[in-house]
file target.tsv (TSV, C-alpha atoms)
chain	number	residue	atom	x	y	z
H	248	MET	CA	133.69	120.96	44.69
H	249	GLY	CA	135.10	118.23	42.47
H	250	ARG	CA	134.15	115.53	44.98
H	251	LEU	CA	130.60	116.85	45.15
H	252	LEU	CA	130.29	116.89	41.38
H	253	LEU	CA	131.68	113.37	41.22
H	254	LEU	CA	129.16	112.30	43.87
H	255	PHE	CA	126.26	113.74	41.88
H	256	ILE	CA	127.42	111.91	38.76
H	257	LEU	CA	128.60	108.54	40.10
H	258	VAL	CA	125.85	107.82	42.62
H	259	PRO	CA	122.95	108.17	40.15
H	260	ILE	CA	124.81	106.03	37.61
H	261	ALA	CA	125.45	103.34	40.24
H	262	GLU	CA	121.81	103.52	41.35
H	263	LEU	CA	120.58	103.15	37.80
H	264	VAL	CA	122.83	100.16	37.12
H	265	LEU	CA	121.69	98.47	40.34
H	266	LEU	CA	118.00	99.07	39.60
H	267	ILE	CA	118.39	97.71	36.06
H	268	GLU	CA	120.15	94.60	37.38
H	269	ILE	CA	117.52	94.03	40.05
H	270	GLY	CA	114.81	94.57	37.44
H	271	LYS	CA	116.39	91.91	35.21
H	272	ARG	CA	116.54	89.40	38.06
H	273	VAL	CA	113.19	89.91	39.83
H	274	GLY	CA	111.12	91.74	37.25
H	275	LEU	CA	109.86	95.28	36.74
H	276	THR	CA	106.82	95.02	39.01
H	277	THR	CA	108.79	93.66	41.95
H	278	THR	CA	111.49	96.31	41.48
H	279	LEU	CA	108.93	99.12	41.42
H	280	ALA	CA	107.19	97.65	44.47
H	281	LEU	CA	110.54	97.54	46.26
H	282	ILE	CA	111.16	101.21	45.47
H	283	VAL	CA	107.70	102.26	46.69
H	284	LEU	CA	107.88	100.04	49.78
H	285	THR	CA	111.27	101.39	50.90
H	286	GLY	CA	110.00	104.94	50.37
H	287	VAL	CA	106.87	104.37	52.46
H	288	ILE	CA	108.68	102.47	55.23
H	289	GLY	CA	111.49	105.03	55.23
H	290	ALA	CA	109.10	107.97	55.52
H	291	TRP	CA	107.24	106.29	58.38
H	292	LEU	CA	110.48	105.43	60.22
H	293	ALA	CA	111.90	108.92	59.68
H	294	ARG	CA	108.74	110.48	61.11
H	295	TRP	CA	108.72	108.10	64.09
H	296	GLN	CA	112.42	108.60	64.82
H	297	GLY	CA	112.13	112.35	64.25
H	298	LEU	CA	109.30	112.70	66.76
H	299	GLY	CA	111.33	110.73	69.30
H	300	ILE	CA	114.34	113.00	68.81
H	301	LEU	CA	112.11	116.08	69.05
H	302	ALA	CA	110.84	114.87	72.44
H	303	LYS	CA	114.44	114.36	73.60
H	304	ILE	CA	115.42	117.84	72.41
H	305	GLN	CA	112.50	119.39	74.31
H	306	SER	CA	113.46	117.41	77.42
H	307	GLU	CA	117.10	118.55	77.23
H	308	ILE	CA	116.08	122.18	76.76
H	309	SER	CA	113.61	122.05	79.66
H	310	GLU	CA	116.41	120.71	81.88
H	311	GLY	CA	118.66	123.59	80.80
H	312	ARG	CA	121.09	121.50	78.74
H	313	LEU	CA	122.20	122.08	75.17
H	314	PRO	CA	120.77	119.27	72.98
H	315	ALA	CA	123.80	119.11	70.65
H	316	GLY	CA	123.77	115.33	70.21
H	317	GLN	CA	120.04	115.26	69.58
H	318	LEU	CA	120.32	118.08	67.03
H	319	ILE	CA	122.87	116.03	65.10
H	320	ASP	CA	120.56	113.01	65.35
H	321	GLY	CA	117.73	115.15	64.02
H	322	ALA	CA	119.86	116.30	61.08
H	323	LEU	CA	120.83	112.70	60.27
H	324	ILE	CA	117.18	111.63	60.43
H	325	LEU	CA	116.29	114.48	58.08
H	326	VAL	CA	118.99	113.30	55.65
H	327	ALA	CA	117.69	109.74	56.02
H	328	GLY	CA	114.15	110.81	55.15
H	329	ALA	CA	115.38	112.70	52.09
H	330	VAL	CA	117.49	109.86	50.69
H	331	LEU	CA	114.83	107.25	51.43
H	332	MET	CA	112.34	109.21	49.34
H	333	THR	CA	114.68	109.04	46.33
H	334	PRO	CA	114.55	105.77	44.41
H	335	GLY	CA	117.69	103.68	44.66
H	336	ILE	CA	119.39	100.89	46.54
H	337	LEU	CA	122.51	102.74	47.73
H	338	THR	CA	120.55	105.76	48.96
H	339	ASP	CA	118.07	103.47	50.73
H	340	ALA	CA	120.93	101.66	52.47
H	341	LEU	CA	122.38	105.00	53.61
H	342	GLY	CA	118.94	106.20	54.72
H	343	PHE	CA	118.20	103.11	56.80
H	344	PHE	CA	121.73	103.29	58.27
H	345	CYS	CA	120.99	106.88	59.38
H	346	LEU	CA	117.69	105.82	60.93
H	347	ILE	CA	119.03	103.15	63.26
H	348	PRO	CA	120.62	104.53	66.44
H	349	PRO	CA	123.86	102.49	66.13
H	350	GLY	CA	124.29	103.79	62.56
H	351	ARG	CA	123.74	107.36	63.69
H	352	ARG	CA	126.28	106.84	66.48
H	353	VAL	CA	128.90	105.70	63.93
H	354	LEU	CA	128.17	108.70	61.69
H	355	LYS	CA	128.20	111.15	64.64
H	356	ASN	CA	131.60	109.85	65.75
H	357	TYR	CA	132.96	110.14	62.20
H	358	LEU	CA	131.59	113.66	61.76
H	359	SER	CA	132.88	114.86	65.13
H	360	ARG	CA	136.39	113.51	64.41
H	361	ARG	CA	136.35	115.18	61.03
H	362	PHE	CA	135.15	118.46	62.54
H	363	GLU	CA	137.88	118.32	65.22
H	364	ARG	CA	140.53	117.81	62.53
H	365	ALA	CA	139.17	120.75	60.57
H	366	VAL	CA	139.31	122.98	63.65
H	367	GLN	CA	142.87	121.85	64.48
H	368	SER	CA	144.08	122.42	60.93
H	369	GLY	CA	142.54	125.90	60.86
H	370	THR	CA	140.09	125.08	58.08
H	371	VAL	CA	137.23	125.84	60.46
H	372	ARG	CA	137.46	128.52	63.14
H	373	MET	CA	135.26	128.82	66.17
H	374	SER	CA	134.54	131.77	68.41
H	375	ALA	CA	132.23	132.30	71.34
H	376	ASP	CA	130.53	135.55	72.25
H	377	ARG	CA	129.64	135.47	75.92
H	378	GLY	CA	128.05	138.90	75.81
H	379	GLY	CA	124.77	137.68	74.41
H	380	PHE	CA	122.76	139.65	71.91
H	381	SER	CA	123.52	143.32	71.42
H	382	ARG	CA	122.61	146.16	69.11
H	383	PRO	CA	125.23	148.52	67.74
H	384	HIS	CA	123.37	151.71	68.75
H	385	PRO	CA	119.87	152.58	69.89
H	386	PRO	CA	117.65	153.99	67.14
H	387	GLU	CA	117.63	157.76	66.64
H	388	PRO	CA	114.64	159.55	68.28
H	389	ARG	CA	111.97	160.73	65.84
H	390	ASP	CA	109.56	163.63	66.06
H	391	ILE	CA	106.13	162.09	66.37
H	392	THR	CA	104.12	165.26	67.07
H	393	PRO	CA	100.96	165.32	65.01
H	394	GLN	CA	101.11	167.78	62.11
H	395	PRO	CA	98.00	169.84	61.22
H	396	LYS	CA	96.18	168.60	58.16
H	397	PRO	CA	95.58	171.09	55.35
H	398	ASP	CA	92.02	172.43	55.11
H	399	ARG	CA	90.62	171.46	51.72
H	400	ASN	CA	87.73	173.92	51.93
H	401	ALA	CA	89.95	176.99	52.39
H	402	SER	CA	90.26	179.21	49.36
H	403	SER	CA	93.56	179.71	47.71
H	404	GLU	CA	94.80	182.46	45.50
H	405	TRP	CA	94.64	180.12	42.52
H	406	SER	CA	90.92	179.56	42.68
H	407	GLU	CA	88.54	181.79	40.75
call {"tool": "encode", "arguments": {"input": "target.tsv", "output": "structure tokens"}}
result
Amino acid sequence: MGRLLLLFILVPIAELVLLIEIGKRVGLTTTLALIVLTGVIGAWLARWQGLGILAKIQSEISEGRLPAGQLIDGALILVAGAVLMTPGILTDALGFFCLIPPGRRVLKNYLSRRFERAVQSGTVRMSADRGGFSRPHPPEPRDITPQPKPDRNASSEWSE
């Protein structure tokens, strides 16, 4: 939790400092144009890469294979699109790194090694249920016989 909090404090400060420095060197208009341009290019690339990964996922599923690698690629492309839409130099660098296939390969290898270490250390546990989906018990039967409706025109002892 501390690392996450530190990340949410240090990264925006570093981004702000970098944007101010770039603004001093190239001017406000150029800096704003750079921010908008990286956002537009990043969104276009994320969409293009995402559609390509979606086609690969559909192909893997139609061939009966689990698209695990493509799902991780899709998640990294989603992260890339999100960080590219936020203004900043560091986040843009990370976003573009996630969009290029060699960058994703590096991140996938890092994440898989980290996941393996977590499983080996017992931090993360895995189990597999080969039985498929099941329900604990079937629902109880209900009486669905139609009940007679009360006659509204019939007199009652309360009426005069």
call {"tool": "residues_around", "arguments": {"input": "target.tsv", "residues": "region 333-345 of chain H", "least_positions_apart": "6", "cutoff": "10 Å", "atoms": "all atoms listed in the file", "output": "PDB file with C-alpha atoms, in the frame of the given file"}}
result
ATOM      1  CA  VAL H 258     125.850 107.820  42.620  1.00  0.00           C
ATOM      2  CA  PRO H 259     122.950 108.170  40.150  1.00  0.00           C
ATOM      3  CA  ALA H 261     125.450 103.340  40.240  1.00  0.00           C
ATOM      4  CA  GLU H 262     121.810 103.520  41.350  1.00  0.00           C
ATOM      5  CA  LEU H 263     120.580 103.150  37.800  1.00  0.00           C
ATOM      6  CA  VAL H 264     122.830 100.160  37.120  1.00  0.00           C
ATOM      7  CA  LEU H 265     121.690  98.470  40.340  1.00  0.00           C
ATOM      8  CA  LEU H 266     118.000  99.070  39.600  1.00  0.00           C
ATOM      9  CA  ILE H 269     117.520  94.030  40.050  1.00  0.00           C
ATOM     10  CA  LEU H 279     108.930  99.120  41.420  1.00  0.00           C
ATOM     11  CA  LEU H 281     110.540  97.540  46.260  1.00  0.00           C
ATOM     12  CA  ILE H 282     111.160 101.210  45.470  1.00  0.00           C
ATOM     13  CA  VAL H 283     107.700 102.260  46.690  1.00  0.00           C
ATOM     14  CA  THR H 285     111.270 101.390  50.900  1.00  0.00           C
ATOM     15  CA  GLY H 286     110.000 104.940  50.370  1.00  0.00           C
ATOM     16  CA  ILE H 288     108.680 102.470  55.230  1.00  0.00           C
ATOM     17  CA  GLY H 289     111.490 105.030  55.230  1.00  0.00           C
ATOM     18  CA  LEU H 292     110.480 105.430  60.220  1.00  0.00           C
ATOM     19  CA  ALA H 293     111.900 108.920  59.680  1.00  0.00           C
ATOM     20  CA  ASP H 320     120.560 113.010  65.350  1.00  0.00           C
ATOM     21  CA  ALA H 322     119.860 116.300  61.080  1.00  0.00           C
ATOM     22  CA  LEU H 323     120.830 112.700  60.270  1.00  0.00           C
ATOM     23  CA  ILE H 324     117.180 111.630  60.430  1.00  0.00           C
ATOM     24  CA  LEU H 325     116.290 114.480  58.080  1.00  0.00           C
ATOM     25  CA  VAL H 326     118.990 113.300  55.650  1.00  0.00           C
ATOM     26  CA  ALA H 327     117.690 109.740  56.020  1.00  0.00           C
ATOM     27  CA  ARG H 351     123.740 107.360  63.690  1.00  0.00           C
ATOM     28  CA  ARG H 352     126.280 106.840  66.480  1.00  0.00           C
ATOM     29  CA  VAL H 353     128.900 105.700  63.930  1.00  0.00           C
ATOM     30  CA  LEU H 354     128.170 108.700  61.690  1.00  0.00           C
ATOM     31  CA  LYS H 355     128.200 111.150  64.640  1.00  0.00           C
TER      32      LYS H 355
END
call {"tool": "residues_around", "arguments": {"input": "target.tsv", "residues": "region 294-304 of chain H", "least_positions_apart": "6", "cutoff": "10 Å", "atoms": "all atoms listed in the file", "output": "JSON, numbers by chain"}}
result
{"H": [288, 310, 312, 313, 314, 315, 316, 317, 318, 319, 320, 321, 322, 323, 324, 325, 328, 346, 347, 348]}
call {"tool": "atom_distance", "arguments": {"input": "target.tsv", "atom1": "CA of Arg250 (chain H)", "atom2": "CA of Arg361 (chain H)"}}
result
16.2 Å
call {"tool": "atom_distance", "arguments": {"input": "target.tsv", "atom1": "CA of Ile267 (chain H)", "atom2": "CA of Val287 (chain H)"}}
result
21.1 Å
call {"tool": "atom_distance", "arguments": {"input": "target.tsv", "atom1": "CA of Leu331 (chain H)", "atom2": "CA of Trp291 (chain H)"}}
result
10.3 Å
call {"tool": "decode", "arguments": {"input": "target.tsv", "residues": "region 253-266 of chain H", "atoms": "N, CA and C atoms", "output": "CSV table (one decimal), in the first residue's frame"}}
result
chain,number,residue,atom,x,y,z
H,253,LEU,N,3.1,6.1,-2.7
H,253,LEU,CA,4.2,6.8,-3.2
H,253,LEU,C,4.2,7.0,-4.7
H,254,LEU,N,3.7,6.0,-5.4
H,254,LEU,CA,3.6,6.1,-6.8
H,254,LEU,C,2.6,7.2,-7.2
H,255,PHE,N,1.5,7.3,-6.5
H,255,PHE,CA,0.5,8.3,-6.8
H,255,PHE,C,0.9,9.7,-6.4
H,256,ILE,N,1.9,9.8,-5.6
H,256,ILE,CA,2.4,11.1,-5.2
H,256,ILE,C,3.6,11.5,-6.1
H,257,LEU,N,4.6,10.6,-6.2
H,257,LEU,CA,5.8,10.9,-6.9
H,257,LEU,C,5.7,11.1,-8.5
H,258,VAL,N,4.9,10.2,-9.1
H,258,VAL,CA,4.7,10.3,-10.5
H,258,VAL,C,4.1,11.6,-11.0
H,259,PRO,N,3.0,12.0,-10.4
H,259,PRO,CA,2.4,13.3,-10.8
H,259,PRO,C,3.4,14.5,-10.5
H,260,ILE,N,4.1,14.4,-9.5
H,260,ILE,CA,5.1,15.5,-9.2
H,260,ILE,C,6.2,15.5,-10.3
H,261,ALA,N,6.7,14.3,-10.6
H,261,ALA,CA,7.7,14.2,-11.7
H,261,ALA,C,7.1,14.7,-13.0
H,262,GLU,N,5.9,14.3,-13.3
H,262,GLU,CA,5.3,14.7,-14.6
H,262,GLU,C,5.1,16.2,-14.6
H,263,LEU,N,4.7,16.8,-13.5
H,263,LEU,CA,4.5,18.3,-13.5
H,263,LEU,C,5.9,19.0,-13.7
H,264,VAL,N,6.9,18.5,-13.0
H,264,VAL,CA,8.2,19.1,-13.2
H,264,VAL,C,8.7,19.0,-14.6
H,265,LEU,N,8.5,17.8,-15.2
H,265,LEU,CA,9.0,17.7,-16.6
H,265,LEU,C,8.2,18.6,-17.6
H,266,LEU,N,6.9,18.7,-17.4
H,266,LEU,CA,6.0,19.5,-18.3
H,266,LEU,C,6.4,21.0,-18.1
